[in-house]
Amino acid sequence: MANPQTENGYTRIANELLEQIMKLRLNGTQFRIVLAIWRYTYGFRRTEHSLPLSYLAMKIEASKGQTQKALDQLIQKRIISITEFDIKGGRKLGVNKNYEEWESGEGQVQADPKLVKPKKVAKKKVYEEDNTYYKMAVYFHNLVKIVAKEAGIEHLIARANLQTWADDFRKLVELEKIDKRHAKDVMDWVVTDDFWRTNILSASTFRKQFTKLAMKMAGQKKPSKQQKQFDPRDKDIEFQKWIAEGKNPDDFNWN
């Protein structure tokens with residue numbers, strides 16, 4: 001049986017704030033976030049605290065996506081304020097006590113540039129013409145271009161991005177540990193195969209299908225076992241051994 005007591009802890013909130021929050025048309029997730037922030041700020045006699053999204057989601061028993069959406073809406077309505085980022089990069093959240101700013105209708109609040117974490121923009125790798133992977137891209141493009149022209153589908157590779165092709169070959173070699181010479185052998189073979197030659201028209205597809213291509217190429221190059229041709233002299237030699245062993249000549253199998 002639950003038996004909560006103030007002696008075990010309580011949260012002091014001004015009645016004026018409670019009366020104002022009652023008047024807002026908040027959905028369930030938004031309201032629970034407000035309560036959670038009050039619990040972990042005023043409940044510990046502080047006005048702000050670092051509350052990661054995953055922690056908030058766990059406390060209100062909602063998904064991270066649902067929590068993120070509701071929190072963004074509360075920030076936009078100026079009900080929740082972001083004060084700063086802590087040393088770990090977490091946002092310090094608090095309820096805006098100036099309720100006259102709530103739902104101001106001024107549109108989305110512009111965050112203080114000092115409080116916004118700069119986003120890391122990944123630099124796109126550029127391959128110079130003398131780069132090995134770029135050379136592989138050019139080599140394969142020239143092979144594919146011949147096939148495409150013969151099949152009347154040259155337009156499909158007319159706008160090929162050789163930088164992207166070079167990056168696919170880099171991944172093939174560095175991430176998937178494919179030897180460059182082996183890759184070249186498969187390139188040379190694939191444009192001669194009746195089926196694959198018109199189905200592999202980019203470095204991306206070549207990389208995705210590389211295992212299948214390499215296996216089929218190896219299967220075609222594997223020498224077939226040739227049957228030994230019959231030589232009548234071999235039978236004569238066997239017959240002489242048969243006689244030498246004292247066996248009946250009539251019992252010898254000439255087949």
# chains A, B, ... in the order shown; residues from 1 in each chain; ligands from 1
$ closest_atom_pairs --of "region 184-247 of chain A" --to "region 152-159 of chain A" --cutoff "9 Å" --atoms "only C-alpha atoms" --output "JSON lines"
{"residue": "A:Thr198", "atom": "CA", "partner": "A:Ile153", "partner_atom": "CA", "distance": 9.0}
{"residue": "A:Leu201", "atom": "CA", "partner": "A:Ile157", "partner_atom": "CA", "distance": 7.1}
{"residue": "A:Ser202", "atom": "CA", "partner": "A:Ile157", "partner_atom": "CA", "distance": 7.7}
$ select_by_dssp --residues "region 10-146 of chain A" --states "strand (DSSP E)" --output "PyMOL selection string"
chain A and resi 49-50+80-85+91-95
$ write_last_selection --atoms "all heavy atoms" --output "mmCIF file, in the first residue's frame"
data_model
loop_
_atom_site.group_PDB
_atom_site.id
_atom_site.type_symbol
_atom_site.label_atom_id
_atom_site.label_comp_id
_atom_site.auth_asym_id
_atom_site.auth_seq_id
_atom_site.Cartn_x
_atom_site.Cartn_y
_atom_site.Cartn_z
ATOM 1 N N HIS A 49 18.696 22.239 -14.266
ATOM 2 C CA HIS A 49 19.517 21.038 -14.113
ATOM 3 C C HIS A 49 19.717 20.393 -15.474
ATOM 4 O O HIS A 49 18.881 20.519 -16.371
ATOM 5 C CB HIS A 49 18.847 20.037 -13.165
ATOM 6 C CG HIS A 49 19.718 18.877 -12.816
ATOM 7 N ND1 HIS A 49 20.955 19.028 -12.234
ATOM 8 C CD2 HIS A 49 19.538 17.536 -12.982
ATOM 9 C CE1 HIS A 49 21.493 17.833 -12.038
ATOM 10 N NE2 HIS A 49 20.664 16.917 -12.490
ATOM 11 N N SER A 50 20.857 19.696 -15.615
ATOM 12 C CA SER A 50 21.143 18.984 -16.860
ATOM 13 C C SER A 50 20.292 17.716 -16.921
ATOM 14 O O SER A 50 20.429 16.821 -16.083
ATOM 15 C CB SER A 50 22.636 18.618 -16.919
ATOM 16 O OG SER A 50 22.904 17.872 -18.080
ATOM 17 N N ILE A 80 9.584 26.032 -21.317
ATOM 18 C CA ILE A 80 10.848 25.468 -20.866
ATOM 19 C C ILE A 80 11.978 26.291 -21.465
ATOM 20 O O ILE A 80 11.933 26.668 -22.634
ATOM 21 C CB ILE A 80 10.993 23.991 -21.311
ATOM 22 C CG1 ILE A 80 9.867 23.147 -20.732
ATOM 23 C CG2 ILE A 80 12.350 23.429 -20.883
ATOM 24 C CD1 ILE A 80 9.794 23.127 -19.225
ATOM 25 N N SER A 81 12.975 26.559 -20.671
ATOM 26 C CA SER A 81 14.105 27.357 -21.136
ATOM 27 C C SER A 81 15.385 26.527 -21.071
ATOM 28 O O SER A 81 15.543 25.663 -20.206
ATOM 29 C CB SER A 81 14.264 28.621 -20.290
ATOM 30 O OG SER A 81 14.467 28.282 -18.925
ATOM 31 N N ILE A 82 16.268 26.789 -22.019
ATOM 32 C CA ILE A 82 17.598 26.180 -22.015
ATOM 33 C C ILE A 82 18.559 27.248 -21.532
ATOM 34 O O ILE A 82 18.670 28.318 -22.133
ATOM 35 C CB ILE A 82 18.014 25.716 -23.422
ATOM 36 C CG1 ILE A 82 16.980 24.748 -24.002
ATOM 37 C CG2 ILE A 82 19.383 25.062 -23.399
ATOM 38 C CD1 ILE A 82 17.273 24.354 -25.429
ATOM 39 N N THR A 83 19.255 26.965 -20.458
ATOM 40 C CA THR A 83 20.138 27.985 -19.907
ATOM 41 C C THR A 83 21.563 27.870 -20.435
ATOM 42 O O THR A 83 22.179 28.868 -20.785
ATOM 43 C CB THR A 83 20.159 27.893 -18.365
ATOM 44 O OG1 THR A 83 20.520 26.563 -17.993
ATOM 45 C CG2 THR A 83 18.785 28.195 -17.800
ATOM 46 N N GLU A 84 22.095 26.643 -20.501
ATOM 47 C CA GLU A 84 23.461 26.460 -20.969
ATOM 48 C C GLU A 84 23.709 24.976 -21.195
ATOM 49 O O GLU A 84 22.867 24.139 -20.901
ATOM 50 C CB GLU A 84 24.457 26.993 -19.931
ATOM 51 C CG GLU A 84 24.363 26.282 -18.587
ATOM 52 C CD GLU A 84 25.375 26.795 -17.590
ATOM 53 O OE1 GLU A 84 26.578 26.666 -17.889
ATOM 54 O OE2 GLU A 84 24.969 27.313 -16.535
ATOM 55 N N PHE A 85 24.890 24.678 -21.704
ATOM 56 C CA PHE A 85 25.322 23.299 -21.840
ATOM 57 C C PHE A 85 26.343 23.000 -20.760
ATOM 58 O O PHE A 85 27.200 23.828 -20.462
ATOM 59 C CB PHE A 85 25.959 23.046 -23.221
ATOM 60 C CG PHE A 85 24.964 23.056 -24.335
ATOM 61 C CD1 PHE A 85 24.775 24.190 -25.104
ATOM 62 C CD2 PHE A 85 24.207 21.938 -24.609
ATOM 63 C CE1 PHE A 85 23.852 24.199 -26.128
ATOM 64 C CE2 PHE A 85 23.285 21.940 -25.638
ATOM 65 C CZ PHE A 85 23.102 23.075 -26.396
ATOM 66 N N ARG A 91 22.070 19.562 -22.032
ATOM 67 C CA ARG A 91 21.370 20.844 -21.865
ATOM 68 C C ARG A 91 20.869 20.996 -20.437
ATOM 69 O O ARG A 91 20.326 20.050 -19.861
ATOM 70 C CB ARG A 91 20.184 20.927 -22.823
ATOM 71 C CG ARG A 91 20.577 20.976 -24.264
ATOM 72 C CD ARG A 91 19.384 21.186 -25.168
ATOM 73 N NE ARG A 91 18.452 20.064 -25.106
ATOM 74 C CZ ARG A 91 17.363 19.962 -25.860
ATOM 75 N NH1 ARG A 91 17.079 20.925 -26.721
ATOM 76 N NH2 ARG A 91 16.576 18.927 -25.769
ATOM 77 N N LYS A 92 21.034 22.190 -19.885
ATOM 78 C CA LYS A 92 20.441 22.485 -18.589
ATOM 79 C C LYS A 92 19.055 23.070 -18.833
ATOM 80 O O LYS A 92 18.908 24.084 -19.510
ATOM 81 C CB LYS A 92 21.311 23.466 -17.802
ATOM 82 C CG LYS A 92 22.559 22.825 -17.219
ATOM 83 C CD LYS A 92 23.253 23.751 -16.226
ATOM 84 C CE LYS A 92 24.420 23.042 -15.548
ATOM 85 N NZ LYS A 92 25.092 23.911 -14.553
ATOM 86 N N LEU A 93 18.043 22.407 -18.281
ATOM 87 C CA LEU A 93 16.657 22.807 -18.508
ATOM 88 C C LEU A 93 16.041 23.363 -17.243
ATOM 89 O O LEU A 93 16.426 23.002 -16.129
ATOM 90 C CB LEU A 93 15.835 21.600 -18.982
ATOM 91 C CG LEU A 93 16.327 20.878 -20.236
ATOM 92 C CD1 LEU A 93 15.446 19.669 -20.512
ATOM 93 C CD2 LEU A 93 16.342 21.811 -21.432
ATOM 94 N N GLY A 94 15.066 24.215 -17.439
ATOM 95 C CA GLY A 94 14.307 24.756 -16.318
ATOM 96 C C GLY A 94 12.987 25.288 -16.824
ATOM 97 O O GLY A 94 12.817 25.546 -18.019
ATOM 98 N N VAL A 95 12.013 25.441 -15.913
ATOM 99 C CA VAL A 95 10.716 26.014 -16.286
ATOM 100 C C VAL A 95 10.831 27.533 -16.207
ATOM 101 O O VAL A 95 11.307 28.080 -15.208
ATOM 102 C CB VAL A 95 9.597 25.513 -15.356
ATOM 103 C CG1 VAL A 95 8.280 26.207 -15.695
ATOM 104 C CG2 VAL A 95 9.445 24.004 -15.469
#
$ atom_distance --atom1 "CA of Glu101 (chain A)" --atom2 "CA of Arg78 (chain A)"
6.3 Å
$ residues_around --residues "region 184-190 of chain A" --least-positions-apart "2" --cutoff "9 Å" --atoms "only C-alpha atoms" --output "MDAnalysis selection string"
chainID A and resid 136 139:140 143 179:182 192:197 200 206 210 213:214 217
$ write_last_selection --atoms "N, CA, C and O atoms" --output "PDB file, in the first residue's frame"
ATOM      1  N   MET A 136      41.223   3.851 -60.279  1.00  0.00           N
ATOM      2  CA  MET A 136      40.375   2.659 -60.388  1.00  0.00           C
ATOM      3  C   MET A 136      38.999   3.038 -60.913  1.00  0.00           C
ATOM      4  O   MET A 136      38.415   2.320 -61.737  1.00  0.00           O
ATOM      5  N   TYR A 139      39.274   3.786 -64.631  1.00  0.00           N
ATOM      6  CA  TYR A 139      39.494   2.540 -65.375  1.00  0.00           C
ATOM      7  C   TYR A 139      38.183   1.774 -65.558  1.00  0.00           C
ATOM      8  O   TYR A 139      37.848   1.354 -66.678  1.00  0.00           O
ATOM      9  N   PHE A 140      37.441   1.613 -64.452  1.00  0.00           N
ATOM     10  CA  PHE A 140      36.193   0.852 -64.536  1.00  0.00           C
ATOM     11  C   PHE A 140      35.141   1.611 -65.341  1.00  0.00           C
ATOM     12  O   PHE A 140      34.364   1.016 -66.079  1.00  0.00           O
ATOM     13  N   LEU A 143      35.638   0.956 -68.960  1.00  0.00           N
ATOM     14  CA  LEU A 143      35.169  -0.377 -69.338  1.00  0.00           C
ATOM     15  C   LEU A 143      33.651  -0.410 -69.472  1.00  0.00           C
ATOM     16  O   LEU A 143      33.106  -0.942 -70.445  1.00  0.00           O
ATOM     17  N   ASP A 179      41.929  -7.055 -52.327  1.00  0.00           N
ATOM     18  CA  ASP A 179      43.175  -6.689 -52.997  1.00  0.00           C
ATOM     19  C   ASP A 179      42.878  -5.930 -54.290  1.00  0.00           C
ATOM     20  O   ASP A 179      41.966  -6.297 -55.043  1.00  0.00           O
ATOM     21  N   LYS A 180      43.646  -4.886 -54.540  1.00  0.00           N
ATOM     22  CA  LYS A 180      43.405  -4.046 -55.710  1.00  0.00           C
ATOM     23  C   LYS A 180      43.543  -4.835 -57.013  1.00  0.00           C
ATOM     24  O   LYS A 180      42.766  -4.647 -57.952  1.00  0.00           O
ATOM     25  N   ARG A 181      44.521  -5.721 -57.057  1.00  0.00           N
ATOM     26  CA  ARG A 181      44.722  -6.515 -58.284  1.00  0.00           C
ATOM     27  C   ARG A 181      43.562  -7.486 -58.499  1.00  0.00           C
ATOM     28  O   ARG A 181      43.135  -7.718 -59.639  1.00  0.00           O
ATOM     29  N   HIS A 182      43.053  -8.027 -57.389  1.00  0.00           N
ATOM     30  CA  HIS A 182      41.887  -8.902 -57.499  1.00  0.00           C
ATOM     31  C   HIS A 182      40.687  -8.115 -58.003  1.00  0.00           C
ATOM     32  O   HIS A 182      39.913  -8.589 -58.847  1.00  0.00           O
ATOM     33  N   THR A 192      32.736  -8.857 -69.522  1.00  0.00           N
ATOM     34  CA  THR A 192      32.683  -9.901 -70.560  1.00  0.00           C
ATOM     35  C   THR A 192      31.598 -10.930 -70.276  1.00  0.00           C
ATOM     36  O   THR A 192      31.275 -11.735 -71.146  1.00  0.00           O
ATOM     37  N   ASP A 193      31.053 -10.915 -69.074  1.00  0.00           N
ATOM     38  CA  ASP A 193      30.036 -11.900 -68.703  1.00  0.00           C
ATOM     39  C   ASP A 193      28.693 -11.512 -69.322  1.00  0.00           C
ATOM     40  O   ASP A 193      28.256 -10.359 -69.221  1.00  0.00           O
ATOM     41  N   ASP A 194      28.036 -12.468 -69.929  1.00  0.00           N
ATOM     42  CA  ASP A 194      26.786 -12.197 -70.649  1.00  0.00           C
ATOM     43  C   ASP A 194      25.702 -11.604 -69.747  1.00  0.00           C
ATOM     44  O   ASP A 194      24.919 -10.756 -70.185  1.00  0.00           O
ATOM     45  N   PHE A 195      25.651 -12.062 -68.512  1.00  0.00           N
ATOM     46  CA  PHE A 195      24.603 -11.577 -67.607  1.00  0.00           C
ATOM     47  C   PHE A 195      25.004 -10.300 -66.892  1.00  0.00           C
ATOM     48  O   PHE A 195      24.281  -9.293 -66.911  1.00  0.00           O
ATOM     49  N   TRP A 196      26.172 -10.296 -66.253  1.00  0.00           N
ATOM     50  CA  TRP A 196      26.553  -9.190 -65.375  1.00  0.00           C
ATOM     51  C   TRP A 196      26.969  -7.922 -66.121  1.00  0.00           C
ATOM     52  O   TRP A 196      26.887  -6.827 -65.570  1.00  0.00           O
ATOM     53  N   ARG A 197      27.419  -8.060 -67.358  1.00  0.00           N
ATOM     54  CA  ARG A 197      27.997  -6.901 -68.057  1.00  0.00           C
ATOM     55  C   ARG A 197      27.020  -5.725 -68.158  1.00  0.00           C
ATOM     56  O   ARG A 197      27.435  -4.567 -68.136  1.00  0.00           O
ATOM     57  N   ILE A 200      26.006  -4.418 -64.053  1.00  0.00           N
ATOM     58  CA  ILE A 200      26.979  -3.726 -63.205  1.00  0.00           C
ATOM     59  C   ILE A 200      27.435  -2.487 -63.951  1.00  0.00           C
ATOM     60  O   ILE A 200      28.370  -2.524 -64.749  1.00  0.00           O
ATOM     61  N   PHE A 206      29.009  -2.578 -58.295  1.00  0.00           N
ATOM     62  CA  PHE A 206      30.159  -3.481 -58.369  1.00  0.00           C
ATOM     63  C   PHE A 206      30.603  -3.885 -56.965  1.00  0.00           C
ATOM     64  O   PHE A 206      30.868  -5.054 -56.691  1.00  0.00           O
ATOM     65  N   PHE A 210      30.279  -7.655 -55.321  1.00  0.00           N
ATOM     66  CA  PHE A 210      31.644  -8.130 -55.565  1.00  0.00           C
ATOM     67  C   PHE A 210      31.825  -9.605 -55.221  1.00  0.00           C
ATOM     68  O   PHE A 210      32.461 -10.349 -55.973  1.00  0.00           O
ATOM     69  N   LEU A 213      30.344 -11.776 -57.876  1.00  0.00           N
ATOM     70  CA  LEU A 213      31.111 -11.658 -59.115  1.00  0.00           C
ATOM     71  C   LEU A 213      32.417 -12.443 -59.024  1.00  0.00           C
ATOM     72  O   LEU A 213      32.786 -13.171 -59.952  1.00  0.00           O
ATOM     73  N   ALA A 214      33.113 -12.287 -57.902  1.00  0.00           N
ATOM     74  CA  ALA A 214      34.402 -12.962 -57.732  1.00  0.00           C
ATOM     75  C   ALA A 214      34.235 -14.478 -57.731  1.00  0.00           C
ATOM     76  O   ALA A 214      35.062 -15.210 -58.303  1.00  0.00           O
ATOM     77  N   MET A 217      33.462 -15.663 -61.315  1.00  0.00           N
ATOM     78  CA  MET A 217      34.676 -15.587 -62.138  1.00  0.00           C
ATOM     79  C   MET A 217      35.616 -16.744 -61.816  1.00  0.00           C
ATOM     80  O   MET A 217      36.152 -17.394 -62.715  1.00  0.00           O
TER      81      MET A 217
END
$ closest_residue --among "A:Ser54, A:Asp168, A:Lys59, A:Ile33" --to "Asp72 (chain A)" --atoms "only C-alpha atoms"
A:Ile33
$ select_by_dssp --residues "region 45-215 of chain A" --states "helix (DSSP H, G or I)" --output "ChimeraX atom specification"
/A:53-60,64-76,99-101,113-115,132-151,154-157,162-175,180-190,196-198,203-208,210-215
$ closest_residue --among "A:Trp254, A:Tyr127, A:Tyr133, A:Phe31" --to "Ala70 (chain A)" --atoms "only C-alpha atoms"
A:Phe31
$ closest_residue --among "A:Gln66, A:Asp236, A:Lys145, A:Tyr42" --to "Arg12 (chain A)" --atoms "only C-alpha atoms"
A:Tyr42
$ residues_around --residues "Glu103 (chain A)" --least-positions-apart "6" --cutoff "12 Å" --atoms "only C-alpha atoms" --output "ChimeraX atom specification"
/A:20-21,23-26,73-80,96,109
$ write_last_selection --atoms "N, CA, C and O atoms" --output "tab-separated table (two decimals), in the first residue's frame"
chain	number	residue	atom	x	y	z
A	20	GLN	N	-1.14	29.01	-13.30
A	20	GLN	CA	-0.92	29.39	-14.70
A	20	GLN	C	-0.75	28.16	-15.59
A	20	GLN	O	-1.26	28.13	-16.71
A	21	ILE	N	-0.07	27.12	-15.08
A	21	ILE	CA	0.14	25.92	-15.89
A	21	ILE	C	-1.17	25.19	-16.13
A	21	ILE	O	-1.35	24.50	-17.14
A	23	LYS	N	-3.91	26.49	-16.90
A	23	LYS	CA	-4.68	27.17	-17.95
A	23	LYS	C	-4.18	26.80	-19.36
A	23	LYS	O	-4.84	27.10	-20.35
A	24	LEU	N	-3.01	26.19	-19.42
A	24	LEU	CA	-2.42	25.89	-20.73
A	24	LEU	C	-3.02	24.62	-21.33
A	24	LEU	O	-3.34	23.68	-20.62
A	25	ARG	N	-3.14	24.63	-22.64
A	25	ARG	CA	-3.64	23.46	-23.35
A	25	ARG	C	-2.43	22.60	-23.76
A	25	ARG	O	-2.00	22.60	-24.90
A	26	LEU	N	-1.91	21.88	-22.78
A	26	LEU	CA	-0.78	21.00	-23.05
A	26	LEU	C	-1.26	19.58	-23.25
A	26	LEU	O	-2.22	19.15	-22.61
A	73	GLN	N	8.51	21.59	-28.53
A	73	GLN	CA	7.31	22.43	-28.52
A	73	GLN	C	7.25	23.30	-27.27
A	73	GLN	O	6.87	24.47	-27.33
A	74	LEU	N	7.63	22.73	-26.13
A	74	LEU	CA	7.63	23.50	-24.88
A	74	LEU	C	8.68	24.61	-24.91
A	74	LEU	O	8.46	25.71	-24.38
A	75	ILE	N	9.82	24.32	-25.53
A	75	ILE	CA	10.86	25.34	-25.66
A	75	ILE	C	10.39	26.45	-26.58
A	75	ILE	O	10.59	27.64	-26.32
A	76	GLN	N	9.71	26.06	-27.66
A	76	GLN	CA	9.19	27.06	-28.60
A	76	GLN	C	8.12	27.93	-27.94
A	76	GLN	O	8.03	29.12	-28.22
A	77	LYS	N	7.33	27.35	-27.06
A	77	LYS	CA	6.29	28.10	-26.36
A	77	LYS	C	6.87	28.94	-25.21
A	77	LYS	O	6.12	29.61	-24.52
A	78	ARG	N	8.17	28.83	-24.98
A	78	ARG	CA	8.88	29.55	-23.92
A	78	ARG	C	8.48	29.06	-22.52
A	78	ARG	O	8.68	29.78	-21.53
A	79	ILE	N	7.91	27.88	-22.44
A	79	ILE	CA	7.56	27.34	-21.12
A	79	ILE	C	8.80	26.71	-20.48
A	79	ILE	O	9.04	26.86	-19.29
A	80	ILE	N	9.58	26.03	-21.32
A	80	ILE	CA	10.85	25.47	-20.87
A	80	ILE	C	11.98	26.29	-21.47
A	80	ILE	O	11.93	26.67	-22.63
A	96	ASN	N	10.41	28.20	-17.26
A	96	ASN	CA	10.46	29.67	-17.32
A	96	ASN	C	9.45	30.24	-16.33
A	96	ASN	O	8.24	30.10	-16.51
A	109	VAL	N	11.48	30.36	-31.09
A	109	VAL	CA	12.45	31.12	-30.33
A	109	VAL	C	13.83	30.89	-30.91
A	109	VAL	O	14.23	29.76	-31.16
$ residues_around --residues "region 13-15 of chain A" --least-positions-apart "2" --cutoff "9 Å" --atoms "only C-alpha atoms" --output "PyMOL selection string"
chain A and resi 11+17-20+38+42-43
$ write_last_selection --atoms "C-alpha atoms" --output "mmCIF file, in the first residue's frame"
data_model
loop_
_atom_site.group_PDB
_atom_site.id
_atom_site.type_symbol
_atom_site.label_atom_id
_atom_site.label_comp_id
_atom_site.auth_asym_id
_atom_site.auth_seq_id
_atom_site.Cartn_x
_atom_site.Cartn_y
_atom_site.Cartn_z
ATOM 1 C CA THR A 11 8.695 19.772 -4.238
ATOM 2 C CA LEU A 17 2.919 28.915 -11.297
ATOM 3 C CA LEU A 18 0.532 26.000 -10.732
ATOM 4 C CA GLU A 19 -2.473 28.185 -11.462
ATOM 5 C CA GLN A 20 -0.920 29.387 -14.695
ATOM 6 C CA TRP A 38 9.950 20.602 -11.729
ATOM 7 C CA TYR A 42 12.593 22.540 -7.563
ATOM 8 C CA GLY A 43 12.515 19.077 -5.975
#
